[in-house]
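Printed here is entry_0.txt (compact mmCIF, C-alpha atoms and all ligand atoms):
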```txt
# COMPACT_ATOMS: atom_id res chain seq x y z
CA MET D 1 110.81 -46.66 -47.33
CA LYS D 2 111.03 -44.49 -44.22
CA LYS D 3 112.90 -41.85 -46.24
CA PHE D 4 110.21 -41.94 -48.97
CA LEU D 5 107.41 -41.51 -46.44
CA ALA D 6 109.23 -38.57 -44.87
CA ILE D 7 109.53 -36.87 -48.29
CA VAL D 8 105.81 -37.46 -49.05
CA LEU D 9 104.87 -36.03 -45.65
CA ALA D 10 107.12 -33.00 -46.16
CA LEU D 11 105.62 -32.39 -49.62
CA ALA D 12 102.09 -32.67 -48.22
CA MET D 13 102.96 -30.12 -45.54
CA VAL D 14 104.46 -27.71 -48.11
CA MET D 15 101.35 -28.07 -50.29
CA ALA D 16 99.08 -27.50 -47.31
CA LEU D 17 101.08 -24.44 -46.33
CA GLY D 18 101.06 -23.24 -49.93
CA VAL D 19 97.27 -23.46 -50.15
CA SER D 20 96.68 -21.57 -46.91
CA ALA D 21 99.37 -18.98 -47.80
CA PHE D 22 97.36 -18.29 -50.97
CA ALA D 23 94.22 -17.66 -48.91
CA ASP D 24 96.00 -15.40 -46.43
CA LEU D 25 95.37 -11.82 -47.48
CA LYS D 26 96.04 -8.47 -45.90
CA VAL D 27 93.10 -6.25 -46.80
CA ALA D 28 93.67 -2.58 -45.97
CA PHE D 29 90.88 -0.02 -45.65
CA SER D 30 91.49 3.73 -45.65
CA GLN D 31 88.35 5.23 -44.10
CA ILE D 32 87.58 8.97 -44.05
CA GLY D 33 86.54 9.27 -40.39
CA GLN D 34 83.33 8.88 -38.41
CA GLU D 35 81.32 12.00 -39.25
CA SER D 36 77.89 10.38 -39.54
CA ASP D 37 75.71 7.37 -38.73
CA TRP D 38 76.16 6.36 -42.37
CA ARG D 39 79.94 6.32 -41.97
CA THR D 40 79.73 4.22 -38.79
CA ALA D 41 77.50 1.69 -40.57
CA ASN D 42 79.90 1.62 -43.53
CA THR D 43 82.93 1.02 -41.29
CA ASP D 44 81.19 -1.68 -39.24
CA ASN D 45 79.84 -3.47 -42.30
CA LEU D 46 83.16 -3.65 -44.18
CA CYS D 47 85.41 -4.29 -41.18
CA ALA D 48 83.22 -7.12 -39.85
CA ALA D 49 83.11 -8.81 -43.26
CA ILE D 50 86.88 -8.64 -43.76
CA GLU D 51 87.73 -9.67 -40.20
CA GLY D 52 85.21 -12.50 -40.36
CA HIS D 53 86.62 -13.91 -43.60
CA GLU D 54 88.81 -16.95 -43.22
CA GLY D 55 92.45 -16.16 -43.85
CA TRP D 56 91.97 -12.41 -44.25
CA THR D 57 93.52 -9.81 -41.98
CA LEU D 58 92.09 -6.31 -41.79
CA ILE D 59 94.42 -3.31 -41.68
CA TYR D 60 92.18 -0.36 -40.90
CA ASP D 61 92.93 3.33 -40.76
CA ASP D 62 90.53 6.09 -39.65
CA ALA D 63 91.80 9.37 -41.13
CA GLN D 64 89.77 11.59 -38.78
CA GLN D 65 88.44 13.63 -41.73
CA LYS D 66 91.97 14.72 -42.79
CA GLN D 67 93.29 14.16 -46.29
CA GLU D 68 96.92 14.20 -45.11
CA ASN D 69 96.14 11.30 -42.74
CA GLN D 70 94.64 9.32 -45.62
CA ILE D 71 97.72 9.93 -47.77
CA LYS D 72 99.96 8.77 -44.90
CA ALA D 73 97.81 5.66 -44.40
CA LEU D 74 97.98 4.74 -48.09
CA ARG D 75 101.79 5.04 -48.04
CA ASN D 76 101.89 2.89 -44.91
CA PHE D 77 99.78 0.24 -46.61
CA ILE D 78 102.31 0.18 -49.48
CA THR D 79 105.23 -0.19 -47.04
CA GLN D 80 103.44 -3.03 -45.26
CA GLY D 81 102.92 -4.83 -48.58
CA VAL D 82 99.17 -5.29 -48.21
CA ASP D 83 97.33 -7.38 -50.81
CA TYR D 84 94.31 -5.10 -51.41
CA ILE D 85 93.42 -1.50 -50.64
CA LEU D 86 89.85 -0.26 -50.15
CA PHE D 87 89.67 3.49 -50.58
CA THR D 88 87.17 6.35 -50.28
CA GLY D 89 88.47 9.92 -50.24
CA VAL D 90 87.39 12.72 -47.92
CA VAL D 91 87.54 15.14 -50.89
CA ASN D 92 87.63 14.68 -54.67
CA THR D 93 91.03 16.11 -55.53
CA GLY D 94 94.67 15.68 -54.48
CA TRP D 95 94.96 11.90 -54.85
CA ASP D 96 96.83 11.64 -58.17
CA GLU D 97 100.30 11.14 -56.70
CA VAL D 98 99.53 8.70 -53.91
CA LEU D 99 97.17 6.57 -55.98
CA ALA D 100 99.82 6.41 -58.74
CA GLU D 101 102.17 5.07 -56.02
CA VAL D 102 99.58 2.40 -55.14
CA ASN D 103 99.47 1.47 -58.84
CA GLU D 104 103.29 1.33 -59.06
CA ALA D 105 103.31 -1.02 -56.05
CA GLU D 106 100.83 -3.17 -58.02
CA ILE D 107 98.38 -3.38 -55.12
CA PRO D 108 94.83 -3.87 -56.44
CA LEU D 109 92.76 -0.84 -55.50
CA ILE D 110 89.02 -1.09 -54.86
CA LEU D 111 87.20 2.25 -54.88
CA ILE D 112 84.15 2.45 -52.65
CA ASP D 113 81.62 5.19 -51.83
CA ARG D 114 83.27 8.37 -53.22
CA MET D 115 85.22 8.37 -56.48
CA PRO D 116 88.37 10.52 -56.72
CA GLU D 117 88.55 13.02 -59.58
CA CYS D 118 91.69 11.26 -60.90
CA ALA D 119 89.83 7.93 -61.30
CA ASP D 120 90.13 8.06 -65.09
CA LYS D 121 93.95 8.38 -64.83
CA ILE D 122 94.60 5.47 -62.46
CA GLU D 123 94.20 1.71 -62.44
CA TYR D 124 91.60 0.19 -60.16
CA ALA D 125 90.26 -3.33 -59.87
CA ALA D 126 86.61 -2.44 -59.17
CA ALA D 127 84.46 0.51 -58.05
CA PHE D 128 81.24 0.69 -56.02
CA GLY D 129 79.65 3.99 -55.02
CA GLY D 130 76.52 6.05 -54.54
CA ASP D 131 74.88 7.83 -57.48
CA PHE D 132 75.18 11.18 -55.75
CA VAL D 133 73.77 13.32 -58.57
CA GLU D 134 70.67 11.15 -58.75
CA GLU D 135 70.30 11.24 -54.95
CA GLY D 136 70.44 15.06 -55.09
CA ARG D 137 67.82 15.19 -57.85
CA ARG D 138 65.54 12.90 -55.85
CA GLN D 139 65.78 15.19 -52.83
CA THR D 140 64.47 18.30 -54.56
CA ILE D 141 62.06 16.45 -56.85
CA TRP D 142 60.59 14.71 -53.79
CA ALA D 143 60.09 18.14 -52.16
CA GLY D 144 58.51 19.61 -55.33
CA GLU D 145 56.11 16.69 -55.73
CA TYR D 146 55.22 16.62 -52.03
CA LEU D 147 54.41 20.35 -52.12
CA LYS D 148 52.19 19.77 -55.16
CA SER D 149 50.39 16.98 -53.28
CA LEU D 150 49.70 19.51 -50.49
CA GLY D 151 48.26 21.97 -53.03
CA ARG D 152 51.32 24.24 -52.70
CA GLY D 153 52.62 23.75 -56.26
CA ASP D 154 52.14 27.42 -57.19
CA GLU D 155 53.19 28.96 -53.90
CA GLU D 156 56.56 30.73 -53.71
CA ILE D 157 58.75 28.31 -51.73
CA ALA D 158 62.02 29.24 -50.00
CA VAL D 159 64.55 26.40 -50.13
CA ALA D 160 67.70 26.06 -48.00
CA ILE D 161 70.37 23.62 -49.15
CA MET D 162 72.64 22.30 -46.41
CA GLU D 163 75.65 20.84 -48.17
CA GLY D 164 78.08 18.14 -47.06
CA THR D 165 81.85 18.46 -46.71
CA THR D 166 82.99 20.95 -49.33
CA GLY D 167 84.79 19.22 -52.20
CA ALA D 168 83.59 15.71 -51.28
CA ASP D 169 82.19 13.64 -54.15
CA ALA D 170 78.89 13.33 -52.25
CA GLN D 171 78.63 17.13 -51.79
CA VAL D 172 79.59 17.98 -55.38
CA GLY D 173 77.22 15.38 -56.87
CA ARG D 174 74.26 16.07 -54.59
CA THR D 175 74.52 19.84 -55.07
CA LYS D 176 74.47 19.36 -58.85
CA GLY D 177 71.46 17.03 -58.51
CA ASN D 178 69.65 19.35 -56.05
CA LEU D 179 69.88 22.27 -58.50
CA GLU D 180 68.93 20.11 -61.51
CA GLY D 181 65.83 18.85 -59.67
CA LEU D 182 64.78 22.39 -58.77
CA GLU D 183 64.71 23.37 -62.46
CA LYS D 184 61.40 21.48 -62.69
CA TYR D 185 59.79 23.75 -60.05
CA PRO D 186 59.94 27.48 -60.89
CA ASN D 187 58.07 28.25 -57.65
CA MET D 188 60.98 26.93 -55.54
CA LYS D 189 63.87 29.36 -54.97
CA VAL D 190 67.15 28.77 -53.12
CA VAL D 191 67.46 31.32 -50.31
CA ALA D 192 70.39 29.80 -48.39
CA GLN D 193 73.18 27.39 -49.25
CA GLN D 194 76.03 26.44 -46.91
CA SER D 195 78.09 23.45 -45.77
CA GLY D 196 77.19 21.61 -42.57
CA ASN D 197 80.13 19.23 -43.13
CA PHE D 198 77.94 16.08 -42.96
CA THR D 199 77.79 16.28 -39.12
CA ARG D 200 74.86 16.66 -36.77
CA ALA D 201 76.56 19.39 -34.69
CA GLU D 202 77.37 21.54 -37.71
CA GLY D 203 73.92 20.95 -39.18
CA GLN D 204 72.43 22.32 -35.98
CA ALA D 205 74.77 25.34 -35.94
CA VAL D 206 74.08 26.22 -39.60
CA MET D 207 70.32 26.02 -39.08
CA GLU D 208 70.55 28.16 -35.93
CA SER D 209 72.35 30.85 -37.88
CA TRP D 210 69.95 30.64 -40.85
CA LEU D 211 66.95 31.00 -38.55
CA LYS D 212 68.43 34.29 -37.36
CA SER D 213 69.52 35.63 -40.74
CA VAL D 214 67.15 34.25 -43.41
CA ASP D 215 63.62 35.71 -43.68
CA LYS D 216 61.78 32.49 -44.40
CA ILE D 217 62.67 28.82 -45.00
CA ASP D 218 59.93 26.48 -46.22
CA VAL D 219 62.07 23.50 -47.22
CA LEU D 220 65.40 22.22 -45.94
CA ILE D 221 67.36 19.96 -48.26
CA ALA D 222 69.99 18.38 -45.99
CA GLN D 223 72.60 16.45 -47.97
CA ASN D 224 72.72 13.84 -45.21
CA ASP D 225 70.39 12.75 -42.43
CA ASP D 226 72.77 13.71 -39.62
CA MET D 227 72.69 17.39 -40.67
CA GLY D 228 68.90 17.18 -41.05
CA LEU D 229 68.61 15.80 -37.51
CA GLY D 230 70.85 18.59 -36.18
CA ALA D 231 68.59 21.09 -37.94
CA VAL D 232 65.52 19.50 -36.29
CA ASP D 233 67.04 20.37 -32.87
CA ALA D 234 67.70 23.97 -33.96
CA ILE D 235 64.18 24.39 -35.39
CA LYS D 236 62.58 23.08 -32.17
CA ALA D 237 64.80 25.34 -30.07
CA ALA D 238 63.58 28.31 -32.13
CA GLY D 239 59.96 27.44 -31.29
CA LEU D 240 59.08 26.19 -34.79
CA VAL D 241 57.72 22.80 -35.78
CA PRO D 242 60.10 20.70 -37.92
CA GLY D 243 58.32 18.65 -40.57
CA LYS D 244 55.49 21.24 -40.72
CA ASP D 245 56.83 24.81 -40.58
CA ILE D 246 59.94 23.58 -42.38
CA ILE D 247 59.76 20.48 -44.59
CA ILE D 248 62.96 18.45 -44.17
CA VAL D 249 64.39 16.08 -46.77
CA GLY D 250 67.50 14.17 -45.74
CA CYS D 251 69.73 11.66 -47.46
CA ASP D 252 71.23 8.26 -46.42
CA SER D 253 68.13 6.62 -44.83
CA VAL D 254 69.74 5.91 -41.46
CA LYS D 255 67.54 4.48 -38.70
CA ALA D 256 67.50 7.81 -36.79
CA ALA D 257 65.97 9.51 -39.85
CA PHE D 258 63.26 6.84 -40.03
CA GLU D 259 62.50 7.48 -36.35
CA ALA D 260 62.34 11.24 -37.00
CA ILE D 261 59.99 10.71 -39.96
CA VAL D 262 57.71 8.44 -37.93
CA ALA D 263 57.73 11.07 -35.14
CA GLY D 264 56.79 13.78 -37.70
CA ASP D 265 60.07 15.72 -37.33
CA MET D 266 61.43 14.92 -40.80
CA ASN D 267 59.53 14.31 -44.02
CA ALA D 268 61.71 12.16 -46.27
CA THR D 269 65.09 10.53 -46.65
CA ILE D 270 66.72 9.47 -49.90
CA GLU D 271 68.63 6.22 -49.59
CA CYS D 272 72.39 5.97 -50.01
CA THR D 273 73.53 2.57 -48.85
CA PRO D 274 76.69 2.21 -46.73
CA LEU D 275 76.58 -1.60 -46.98
CA TYR D 276 79.32 -2.49 -49.45
CA ALA D 277 80.59 -5.75 -47.92
CA ASP D 278 78.35 -7.89 -50.15
CA PHE D 279 79.99 -6.28 -53.17
CA VAL D 280 83.58 -6.07 -51.94
CA VAL D 281 84.03 -9.57 -50.48
CA PRO D 282 82.95 -11.51 -53.61
CA THR D 283 85.01 -9.09 -55.71
CA ILE D 284 88.22 -9.86 -53.80
CA GLU D 285 87.43 -13.57 -53.98
CA GLY D 286 86.83 -13.19 -57.71
CA LEU D 287 90.06 -11.27 -58.24
CA GLU D 288 91.92 -14.02 -56.36
CA ALA D 289 90.37 -16.54 -58.76
CA GLY D 290 91.56 -14.51 -61.75
CA GLU D 291 88.33 -12.63 -62.54
CA THR D 292 88.50 -9.08 -63.81
CA TYR D 293 85.93 -6.30 -63.40
CA GLY D 294 85.31 -3.33 -65.67
CA ARG D 295 85.90 0.33 -64.93
CA ASP D 296 82.20 1.13 -64.48
CA VAL D 297 81.17 2.36 -61.06
CA LEU D 298 78.48 0.03 -59.75
CA HIS D 299 75.66 1.88 -57.96
CA PRO D 300 73.51 -0.20 -55.57
CA ALA D 301 69.72 0.10 -56.06
CA GLU D 302 68.35 2.67 -53.61
CA GLY D 303 64.89 3.75 -52.43
CA VAL D 304 63.12 6.80 -51.01
CA TYR D 305 61.34 6.70 -47.63
CA ASP D 306 58.94 9.32 -46.35
CA CYS D 307 55.94 10.41 -44.29
CA VAL D 308 53.27 9.71 -46.93
CA GLY D 309 54.36 7.04 -49.40
CA GLY D 310 53.56 7.03 -53.13
CA ILE D 311 55.50 10.16 -54.18
CA VAL D 312 57.04 9.62 -57.62
CA CYS D 313 60.36 11.39 -57.54
CA GLY D 314 62.85 9.89 -59.96
CA GLY D 315 65.39 12.06 -61.71
CA GLU D 316 66.85 9.83 -64.40
CA VAL D 317 65.56 6.69 -62.69
CA GLU D 318 61.94 6.88 -61.54
CA VAL D 319 61.28 5.76 -57.98
CA THR D 320 58.13 5.78 -55.86
CA SER D 321 58.54 6.55 -52.18
CA THR D 322 57.77 3.99 -49.47
CA LEU D 323 56.08 4.98 -46.21
CA ALA D 324 58.93 4.93 -43.65
CA ALA D 325 56.67 3.58 -40.87
CA ASP D 326 56.01 0.43 -42.93
CA VAL D 327 59.67 -0.59 -43.14
CA ILE D 328 61.37 0.99 -40.12
CA ASP D 329 61.68 -2.34 -38.28
CA ALA D 330 63.62 -3.89 -41.14
CA ARG D 331 66.33 -1.21 -41.24
CA VAL D 332 69.77 -2.57 -40.43
CA TYR D 333 71.63 0.75 -40.08
O1 LIG Y 1 79.82 9.56 -49.06
C1 LIG Y 1 78.62 9.26 -48.45
C2 LIG Y 1 78.23 10.34 -47.52
O2 LIG Y 1 79.24 10.53 -46.56
C3 LIG Y 1 76.99 10.09 -46.69
O3 LIG Y 1 75.85 10.63 -47.22
C4 LIG Y 1 77.29 10.87 -45.47
O4 LIG Y 1 76.44 10.66 -44.39
C5 LIG Y 1 78.68 10.52 -45.27
O5 LIG Y 1 79.33 11.14 -44.31
```
Please rewrite the model in this file as structure tokens.
Ligand code: AHR
Amino acid sequence: MKKFLAIVLALAMVMALGVSAFADLKVAFSQIGQESDWRTANTDNLCAAIEGHEGWTLIYDDAQQKQENQIKALRNFITQGVDYILFTGVVNTGWDEVLAEVNEAEIPLILIDRMPECADKIEYAAAFGGDFVEEGRRQTIWAGEYLKSLGRGDEEIAVAIMEGTTGADAQVGRTKGNLEGLEKYPNMKVVAQQSGNFTRAEGQAVMESWLKSVDKIDVLIAQNDDMGLGAVDAIKAAGLVPGKDIIIVGCDSVKAAFEAIVAGDMNATIECTPLYADFVVPTIEGLEAGETYGRDVLHPAEGVYDCVGGIVCGGEVEVTSTLAADVIDARVY
């Protein structure tokens, strides 16, 4: 009888261990770096959700904006035998080989934020990212409609486009969208176009140099808020009034951009959410339960926030802007 009880107890322990071993997952996250407020919010949101999940261990790598660091990190994740890899690439190209290695190691890959150009050649379990082309269209269409509302629809308008990191999915997509949106407004002409690398410091430096070399800038399209905020500093330093002398449209909808809009320094920000935890966590749980997800890239619903409210500025998807002052207190990033 004693022997029987010992066997039952041992079996119960093995089963208990088996169940918890199944729930124990190593979730690895290859992050680009920390170039912007958006990126910080994205890192915090995903890391907190993974670390806070019972049984899950986070293995995080910050690539400091370098593709070679990301490639090294991905190979490290393979060596460590992680259970899932979350990936967003600093640039679009150059991932074919290392992502094929992830596939060979049979580690489910979840693409977030920026999609690599080789996405159609690799296996991935799920994909969530911004609709960058649409965000770009919304930026210039917002500017065109706002100018019309000010009675400046026929005036010749000089537009400067401050681009993100060259070759990044967000830069490529937003530039395409910016130019597509401008096709609707023959009065708006691009007079300057340069990368500010998605950082506040480079946004400031690019604007400083434009203010010395470009005759006139009426509208700044900054492909993220951080660059727009850097430009605000440069415009003020040059003795001009941001938000009036130069209309500024950012992208991301970070809290600092809301504050700048409420203060009158910026005019609008197009939302690009960094909050992917609510998509990624249930997806991993679903995959563990045997669910499968298609190859479509899921884009979260996103808004437009500005200094006036009521501007209709959709590209392919119509959206009406919300007055930033009305919702600033509810912003979580
Ligand atoms: O990929 C998303 C973009 O990357 C955000 O707009 C920007 O702020 C970030 O650095």
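Atom pair atom O2 of ligand LIG 1 (chain Y) / CA of Arg39 (chain D): separated by 6.3 Å.
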Show me which residues line ligand LIG 1 (chain Y), defined as having an atom within 6 Å of a ligand atom where only C-alpha atoms and all ligand atoms count, and present them as a JSON list (two decimals) with C-alpha atoms, in the coordinates of the input.
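Listing of result_37.json after writing:
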```json
[["chain", "number", "residue", "atom", "x", "y", "z"],
["D", 35, "GLU", "CA", 81.32, 12.00, -39.25],
["D", 36, "SER", "CA", 77.89, 10.38, -39.54],
["D", 38, "TRP", "CA", 76.16, 6.36, -42.37],
["D", 39, "ARG", "CA", 79.94, 6.32, -41.97],
["D", 113, "ASP", "CA", 81.62, 5.19, -51.83],
["D", 114, "ARG", "CA", 83.27, 8.37, -53.22],
["D", 170, "ALA", "CA", 78.89, 13.33, -52.25],
["D", 198, "PHE", "CA", 77.94, 16.08, -42.96],
["D", 224, "ASN", "CA", 72.72, 13.84, -45.21],
["D", 252, "ASP", "CA", 71.23, 8.26, -46.42]]
```
So which residues touch region 293-296 of chain D within 8 Å, counting only C-alpha atoms, skipping near sequence neighbours fewer than 2 positions away, as a list in words?
-> Tyr124, Ala125, Ala126, Ala127, Glu291 and Leu298 of chain D
Using all atoms listed in the file, what table do you get, as JSON lines, when you list each residue of region 199-259 of chain D with an atom no more than 9 Å from region 128-149 of chain D, its nearest pair of atoms, and their distance in Å rounded to one decimal, rows by chain then rising number?
```
{"residue": "D:Val219", "atom": "CA", "partner": "D:Ala143", "partner_atom": "CA", "distance": 7.6}
{"residue": "D:Ile221", "atom": "CA", "partner": "D:Gln139", "partner_atom": "CA", "distance": 6.8}
{"residue": "D:Ala222", "atom": "CA", "partner": "D:Gln139", "partner_atom": "CA", "distance": 8.6}
{"residue": "D:Gln223", "atom": "CA", "partner": "D:Gly136", "partner_atom": "CA", "distance": 7.6}
{"residue": "D:Ile247", "atom": "CA", "partner": "D:Ala143", "partner_atom": "CA", "distance": 7.9}
{"residue": "D:Ile248", "atom": "CA", "partner": "D:Ala143", "partner_atom": "CA", "distance": 8.5}
{"residue": "D:Val249", "atom": "CA", "partner": "D:Gln139", "partner_atom": "CA", "distance": 6.3}
{"residue": "D:Gly250", "atom": "CA", "partner": "D:Gln139", "partner_atom": "CA", "distance": 7.4}
{"residue": "D:Cys251", "atom": "CA", "partner": "D:Glu135", "partner_atom": "CA", "distance": 7.5}
```
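Nearest-residue note for Pro300 (chain D): choosing from D:Tyr333, D:Ile112, D:Ala73, D:Asp245, the minimum distance belongs to D:Ile112, counting only C-alpha atoms.
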Radius query 9 Å about (57.2, 3.7, -47.5), atoms used: only C-alpha atoms, as number ranges by chain | D: 304-310, 320-328
Coordinates of region 206-237 of chain D, N, CA and C atoms, as a PDB file, in the first residue's frame:
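Saved to result-v3.pdb:
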```pdb
ATOM      1  N   VAL D 206      18.361  69.153 -38.630  1.00  0.00           N
ATOM      2  CA  VAL D 206      17.900  69.267 -40.032  1.00  0.00           C
ATOM      3  C   VAL D 206      17.115  70.570 -40.212  1.00  0.00           C
ATOM      4  N   MET D 207      16.246  70.877 -39.263  1.00  0.00           N
ATOM      5  CA  MET D 207      15.454  72.112 -39.384  1.00  0.00           C
ATOM      6  C   MET D 207      16.360  73.343 -39.326  1.00  0.00           C
ATOM      7  N   GLU D 208      17.371  73.309 -38.448  1.00  0.00           N
ATOM      8  CA  GLU D 208      18.311  74.443 -38.374  1.00  0.00           C
ATOM      9  C   GLU D 208      18.949  74.677 -39.744  1.00  0.00           C
ATOM     10  N   SER D 209      19.370  73.582 -40.369  1.00  0.00           N
ATOM     11  CA  SER D 209      20.048  73.750 -41.662  1.00  0.00           C
ATOM     12  C   SER D 209      19.063  74.195 -42.752  1.00  0.00           C
ATOM     13  N   TRP D 210      17.828  73.665 -42.735  1.00  0.00           N
ATOM     14  CA  TRP D 210      16.832  74.119 -43.714  1.00  0.00           C
ATOM     15  C   TRP D 210      16.547  75.616 -43.555  1.00  0.00           C
ATOM     16  N   LEU D 211      16.439  76.059 -42.303  1.00  0.00           N
ATOM     17  CA  LEU D 211      16.090  77.475 -42.094  1.00  0.00           C
ATOM     18  C   LEU D 211      17.172  78.406 -42.653  1.00  0.00           C
ATOM     19  N   LYS D 212      18.395  77.856 -42.773  1.00  0.00           N
ATOM     20  CA  LYS D 212      19.469  78.677 -43.360  1.00  0.00           C
ATOM     21  C   LYS D 212      19.511  78.564 -44.879  1.00  0.00           C
ATOM     22  N   SER D 213      19.066  77.400 -45.412  1.00  0.00           N
ATOM     23  CA  SER D 213      19.286  77.165 -46.842  1.00  0.00           C
ATOM     24  C   SER D 213      18.032  77.207 -47.711  1.00  0.00           C
ATOM     25  N   VAL D 214      16.852  77.058 -47.100  1.00  0.00           N
ATOM     26  CA  VAL D 214      15.614  77.008 -47.904  1.00  0.00           C
ATOM     27  C   VAL D 214      14.901  78.357 -47.773  1.00  0.00           C
ATOM     28  N   ASP D 215      14.463  78.907 -48.928  1.00  0.00           N
ATOM     29  CA  ASP D 215      13.848  80.241 -48.943  1.00  0.00           C
ATOM     30  C   ASP D 215      12.660  80.378 -48.003  1.00  0.00           C
ATOM     31  N   LYS D 216      11.741  79.394 -48.120  1.00  0.00           N
ATOM     32  CA  LYS D 216      10.493  79.534 -47.348  1.00  0.00           C
ATOM     33  C   LYS D 216       9.945  78.135 -47.057  1.00  0.00           C
ATOM     34  N   ILE D 217       9.528  77.913 -45.816  1.00  0.00           N
ATOM     35  CA  ILE D 217       8.839  76.651 -45.463  1.00  0.00           C
ATOM     36  C   ILE D 217       7.519  77.039 -44.803  1.00  0.00           C
ATOM     37  N   ASP D 218       6.413  76.582 -45.390  1.00  0.00           N
ATOM     38  CA  ASP D 218       5.095  76.861 -44.793  1.00  0.00           C
ATOM     39  C   ASP D 218       4.617  75.696 -43.937  1.00  0.00           C
ATOM     40  N   VAL D 219       4.965  74.471 -44.389  1.00  0.00           N
ATOM     41  CA  VAL D 219       4.468  73.275 -43.697  1.00  0.00           C
ATOM     42  C   VAL D 219       5.618  72.312 -43.482  1.00  0.00           C
ATOM     43  N   LEU D 220       5.733  71.789 -42.255  1.00  0.00           N
ATOM     44  CA  LEU D 220       6.687  70.710 -42.000  1.00  0.00           C
ATOM     45  C   LEU D 220       5.905  69.423 -41.777  1.00  0.00           C
ATOM     46  N   ILE D 221       6.217  68.421 -42.593  1.00  0.00           N
ATOM     47  CA  ILE D 221       5.680  67.082 -42.368  1.00  0.00           C
ATOM     48  C   ILE D 221       6.820  66.302 -41.719  1.00  0.00           C
ATOM     49  N   ALA D 222       6.692  66.015 -40.426  1.00  0.00           N
ATOM     50  CA  ALA D 222       7.740  65.283 -39.707  1.00  0.00           C
ATOM     51  C   ALA D 222       7.251  63.842 -39.530  1.00  0.00           C
ATOM     52  N   GLN D 223       8.022  62.893 -40.041  1.00  0.00           N
ATOM     53  CA  GLN D 223       7.527  61.511 -40.050  1.00  0.00           C
ATOM     54  C   GLN D 223       7.494  60.857 -38.669  1.00  0.00           C
ATOM     55  N   ASN D 224       7.956  61.555 -37.631  1.00  0.00           N
ATOM     56  CA  ASN D 224       7.541  61.189 -36.261  1.00  0.00           C
ATOM     57  C   ASN D 224       7.519  62.446 -35.393  1.00  0.00           C
ATOM     58  N   ASP D 225       6.884  62.311 -34.238  1.00  0.00           N
ATOM     59  CA  ASP D 225       6.712  63.480 -33.362  1.00  0.00           C
ATOM     60  C   ASP D 225       8.050  63.980 -32.819  1.00  0.00           C
ATOM     61  N   ASP D 226       8.952  63.035 -32.509  1.00  0.00           N
ATOM     62  CA  ASP D 226      10.231  63.463 -31.925  1.00  0.00           C
ATOM     63  C   ASP D 226      10.948  64.445 -32.851  1.00  0.00           C
ATOM     64  N   MET D 227      10.983  64.139 -34.148  1.00  0.00           N
ATOM     65  CA  MET D 227      11.649  65.059 -35.095  1.00  0.00           C
ATOM     66  C   MET D 227      10.884  66.383 -35.159  1.00  0.00           C
ATOM     67  N   GLY D 228       9.559  66.309 -35.106  1.00  0.00           N
ATOM     68  CA  GLY D 228       8.754  67.534 -35.123  1.00  0.00           C
ATOM     69  C   GLY D 228       9.065  68.409 -33.918  1.00  0.00           C
ATOM     70  N   LEU D 229       9.243  67.760 -32.756  1.00  0.00           N
ATOM     71  CA  LEU D 229       9.534  68.514 -31.532  1.00  0.00           C
ATOM     72  C   LEU D 229      10.938  69.124 -31.594  1.00  0.00           C
ATOM     73  N   GLY D 230      11.882  68.400 -32.189  1.00  0.00           N
ATOM     74  CA  GLY D 230      13.225  68.957 -32.390  1.00  0.00           C
ATOM     75  C   GLY D 230      13.151  70.176 -33.298  1.00  0.00           C
ATOM     76  N   ALA D 231      12.320  70.076 -34.338  1.00  0.00           N
ATOM     77  CA  ALA D 231      12.159  71.195 -35.277  1.00  0.00           C
ATOM     78  C   ALA D 231      11.552  72.411 -34.580  1.00  0.00           C
ATOM     79  N   VAL D 232      10.619  72.166 -33.647  1.00  0.00           N
ATOM     80  CA  VAL D 232      10.004  73.275 -32.891  1.00  0.00           C
ATOM     81  C   VAL D 232      11.112  74.091 -32.215  1.00  0.00           C
ATOM     82  N   ASP D 233      12.078  73.395 -31.581  1.00  0.00           N
ATOM     83  CA  ASP D 233      13.176  74.098 -30.890  1.00  0.00           C
ATOM     84  C   ASP D 233      13.982  74.949 -31.882  1.00  0.00           C
ATOM     85  N   ALA D 234      14.257  74.365 -33.063  1.00  0.00           N
ATOM     86  CA  ALA D 234      15.044  75.091 -34.071  1.00  0.00           C
ATOM     87  C   ALA D 234      14.283  76.318 -34.579  1.00  0.00           C
ATOM     88  N   ILE D 235      12.981  76.160 -34.783  1.00  0.00           N
ATOM     89  CA  ILE D 235      12.159  77.269 -35.317  1.00  0.00           C
ATOM     90  C   ILE D 235      12.115  78.423 -34.305  1.00  0.00           C
ATOM     91  N   LYS D 236      11.944  78.052 -33.026  1.00  0.00           N
ATOM     92  CA  LYS D 236      11.919  79.088 -31.969  1.00  0.00           C
ATOM     93  C   LYS D 236      13.268  79.799 -31.913  1.00  0.00           C
ATOM     94  N   ALA D 237      14.341  79.010 -31.989  1.00  0.00           N
ATOM     95  CA  ALA D 237      15.691  79.601 -31.899  1.00  0.00           C
ATOM     96  C   ALA D 237      15.944  80.567 -33.052  1.00  0.00           C
TER      97      ALA D 237
END
```
